Amino acid sequence: MAARKLNLKERYSLLTRDLDWEYSYRDKKEIFPYEEFEGIKITDWSKWEDPFRLTMDAYWKYQAEKEKKLYAIFDAFAQNNGQQNVTDARYINAIKVFLTGVSPLEYQAYSGYAHVGRQFSGVGARTACQMQSIDELRHVQTQVHAMSHYNKFFDGFQDFPHMHDRVWYLSVPKSFFDDARSAGPFEFMVAISFSFEYVLTNLLFVPFMSGAAYNGDMATVTFGFSAQSDEARHMTLGLEVIKFLLEQHPDNVPIVQRWIDKWFWRGTRLLAIVAMMMDYMLPNRVMSWKEAWEVYFEEAGGALFKDLARYGIEMPKYAATAIAEKEHISHQVWSIFYNYTHAAAFHTWMPDEKEMDWLSEKYPNSFDKHYRKRFEHWREMERAGERFYNPTLPMLCNTCQIPMGFTEMDDPTLTAYRQSVHKGERYNFCSDGCKDIFDHEPEKYVQSWLPVHQIYQGNCGGADIEKVLSEYYRINMGKDNMDFHGSPDEARWNEWHNLQSAEERLKKAG
Amino acid sequence: MSKVYMALQDNEEAHYLVEALEEDNPDATVDYQPAMIRIENEGHLVLKRETVEEKMGRDWDLQSLHVNLVTIGGNVDETDDEFTLSWN
Amino acid sequence: MAVAAITPDYTGERLDRVENFHGNIVVYVGWDRHLMFCSPVAFATPPDTTFGKVLDELIPGAFAQHPDFEKIDWDQVSWLLNGEAFTPDRAATLETLGVDHKSIIRLQTPGLEGIGGSHS
């Protein structure tokens with residue numbers, strides 16, 4: 001009898017479910033010790049179904065194809081001096097933030113999925129996690145490759161893994177993933193696969209990458225979209241996890257809801273830096289952060305939560321606050337980094353007149369009222385030779401670890417302060433969302449490694465802040481940090497393009 | 001009903017996929033953004049292998065969609081012949 | 001539930017307990033409605049620091065760059081300690097004033113509306 005060609009469902013079944021086996025001489029609980037302690041009840045793993053029926057053979061085939069396309073473009077970019085063809089050297093600073101802040105998270109995701117991919121007793125979930133783990137490793141590698149080209153021409157790229165582990169603002173993304181990876185396997189999946197990948201990463205990879213394309217950054221848009229082509233599969237895994245957990249047992253619903261509330265909030269705080277990148281660091285702007293948020297959270301997330309309502313799942317608890325913050329978040333985070341650029345491994349600057357007009361137009365409810373005068377004042381200080389830098393270390397939120405730069409949404413002129421007392425010690429937060437997360441699991445967050453407190457404890461190389469920055473963080477002082485205007489990056493860029501710096505122009509006019 | 005969507009890289013192969021999507025989902029809207037194409041539709045969007053093959057004039061494996069896919073919104077169902085997005 | 005952990009009765013190491021600060025406490029100071037300073041600031045200072053020193057050294061060191069700073073009428077400033085109104089005495093120490101580790105001191109300067117009235 002001639003062999004019949006198997007269809008997709010049959011192939012998938014044979015190459016996943018059929019690879020599992022019965023455990024005959026060890027107790028299942030001993031083999032999968034992390035599966036119960038979170039309170040999640042799984043009655044039947046066979047109900048797990050991957051909507052993308054991707055098997056390992058097809059996986060390797062298509063991933064290899066993606067890599068070939070990607071590296072052809074990296075080669076072309078490098079051979080054609082692509083670094084000279086971006087819109088403006090200021091833009092490169094967004095890529096520095098990406099390499100130091102985001103790419104190491106891809107590595108954390110690789111490690112996290114490898115771990116949970118071992119811990120689930122269901123083979124479908126294990127296979128999906130294994131593929132995602134390999135994807136994430138591919139992402140970190142391709143990102144490092146893409147950006148290694150920029151490292152040859154711009155400052156701030158050279159020590160990204162070291163910096164990720166130490167620098168104050170990088171403790172924000174690092175602690176986000178440390179939190180997820182130190183949780184149980186089901187919380188990790190709800191945190192990363194669902195809340196982050198499905199609900200929020202579109203905001204990072206889609207409009208920002210489209211923006212990279214719009215700014216002539218062929219290398220970034222290419223790794224971004226190549227990564228994102230895996231992301232579609234990751235998002236689907238996220239949605240599958242949620243539906244599976246909710247269908248398995250009604251007791252799972254409140255646990256999952258709480259994880260969604262928590263990780264939605266943690267994710268929006270993490271993405272605040274992307275808001276700043278979109279509104280301030282792209283010289284050619286595709287859309288504002290607010291517009292991206294409306295399309296990718298309010299519209300897409302709204303449809304998703306409407307779909308999940310049948311399980312009793314509601315919109316994340318602080319969605320209304322996050323929606324109100326779309327008017328403010330990018331301006332507040334840019335203010336934070338403008339205050340502390342002397343302690344950062346990338347440059348900031350004040351937007352020019354045309355850019356301020358764009359912000360006024362895109363943020364008619366907030367920019368002129370709350371931010372424009374502040375920025376104009378900073379610009380005047382800079383012109384007077386007194387560029388503003390905040391001389392004192394900032395107070396940080398104990399949960400998200402971001403300086404307390406966020407305001408009350410019913411009064412955006414007032415810093416939001418929240419406080420809890422646990423075992424006689426005070427803990428401070430930037431928001432109800434961050435306070436709730438602490439209050440639910442204080443024994444986890446009493447361990448927060450808050451960079452400012454670590455400096456004051458003497459754990460970052462002593463009391464001399466210059467030394468903390470140059471030796472403990474390994475920031476090349478005077479090169480990586482400070483305002484873009486006057487930086488070596490700016491000088492090189494001007495030389496490539498025969499441009500004069502503002503200062504030179506002024507001298508000649510005088 | 002909520003909208004489902006799919007975004008594809010803006011490249012030669014994807015142009016055939018967009019043509020096929022437009023033919024099989026006459027109410028879908030197609031939005032060309034920098035470097036990507038976003039296709040959205042009320043409730044349901046289907047990509048059919050047969051239509052893509054007809055547009056390309058050659059055989060095409062539906063799973064190679066992954067090479068050009070940027071993002072999606074909606075519940076996925078994938079067979080040998082169709083890739084479907086829907087909201088309940 | 002203090003934490004969802006696989007270890008029974010899990011407790012975490014408190015990284016910021018006061019003993020780790022070599023005799024100092026951490027005190028945060030924020031100037032309300034002057035958001036040119038993006039966030040409140042953090043000081044590590046001994047608990048016997050007088051409030052006079054906070055007024056004469058720490059606060060000017062942090063906030064003097066603001067054009068409103070020299071216009072502050074210090075007799076009119078209202079103070080908050082961890083969200084509650086309080087009336088600090090210059091000669092008193094932080095400890096006697098009840099300013100303990102990781103407390104927040106806020107100053108409010110009504111009439112000073114920040115840069116161009118924007119509360120910046």
# chains A, B, ... in the order shown; residues from 1 in each chain; ligands from 1
$ residues_around --residues "range 67-82 of chain B" --least-positions-apart "3" --cutoff "8 Å" --atoms "only C-alpha atoms" --output "PyMOL selection string"
(chain A and resi 7-9+51-53+62-63+65-66+202+206+225-226+228-229+231-232+236+239+300+304) or (chain B and resi 4-9+13-14+36+46-50+61-62+64+85-87)
$ residues_around --residues "Ala4 in chain C" --least-positions-apart "3" --cutoff "8 Å" --atoms "only C-alpha atoms" --output "list in words"
Phe37, Glu38, Ala183, Gly184 and Glu441 of chain A; Met1 of chain C
$ interface_residues --of "chain A" --to "chain C" --cutoff "7 Å" --atoms "only C-alpha atoms" --output "count of residues only"
33
$ select_by_dssp --residues "range 25-82 of chain B" --states "strand (DSSP E)" --output "MDAnalysis selection string"
chainID B and resid 29:33 36:42 44:48 69:73 75:78 82
$ atom_distance --atom1 "CA of Glu42 in chain B" --atom2 "CA of Glu12 in chain B"
26.1 Å
$ select_by_dssp --residues "chain C" --states "alpha helix (DSSP H)" --output "JSON, numbers by chain"
{"C": [51, 52, 53, 59, 60, 61, 62, 63, 94, 95, 96, 97]}
$ atom_distance --atom1 "CA of Ile95 in chain A" --atom2 "CA of Arg138 in chain A"
18.1 Å
$ atom_distance --atom1 "CA of Arg379 in chain A" --atom2 "CA of Ala272 in chain A"
23.3 Å
$ residues_around --residues "Ala191 in chain A" --least-positions-apart "5" --cutoff "10 Å" --atoms "only C-alpha atoms" --output "PyMOL selection string"
chain A and resi 176-177+179-181+183+185-186+196-198+238+256+259-264+266-267
$ residues_around --residues "Ala91 in chain C" --least-positions-apart "2" --cutoff "12 Å" --atoms "only C-alpha atoms" --output "PyMOL selection string"
chain C and resi 48-56+88-89+93-97
$ residues_around --residues "Phe484 in chain A" --least-positions-apart "2" --cutoff "9 Å" --atoms "only C-alpha atoms" --output "PyMOL selection string"
chain A and resi 89-90+346-349+481-482+486-490
$ closest_residue --among "B:Val30, B:Ala35, B:Leu21, B:Met56" --to "Phe83 in chain B" --atoms "only C-alpha atoms"
B:Leu21
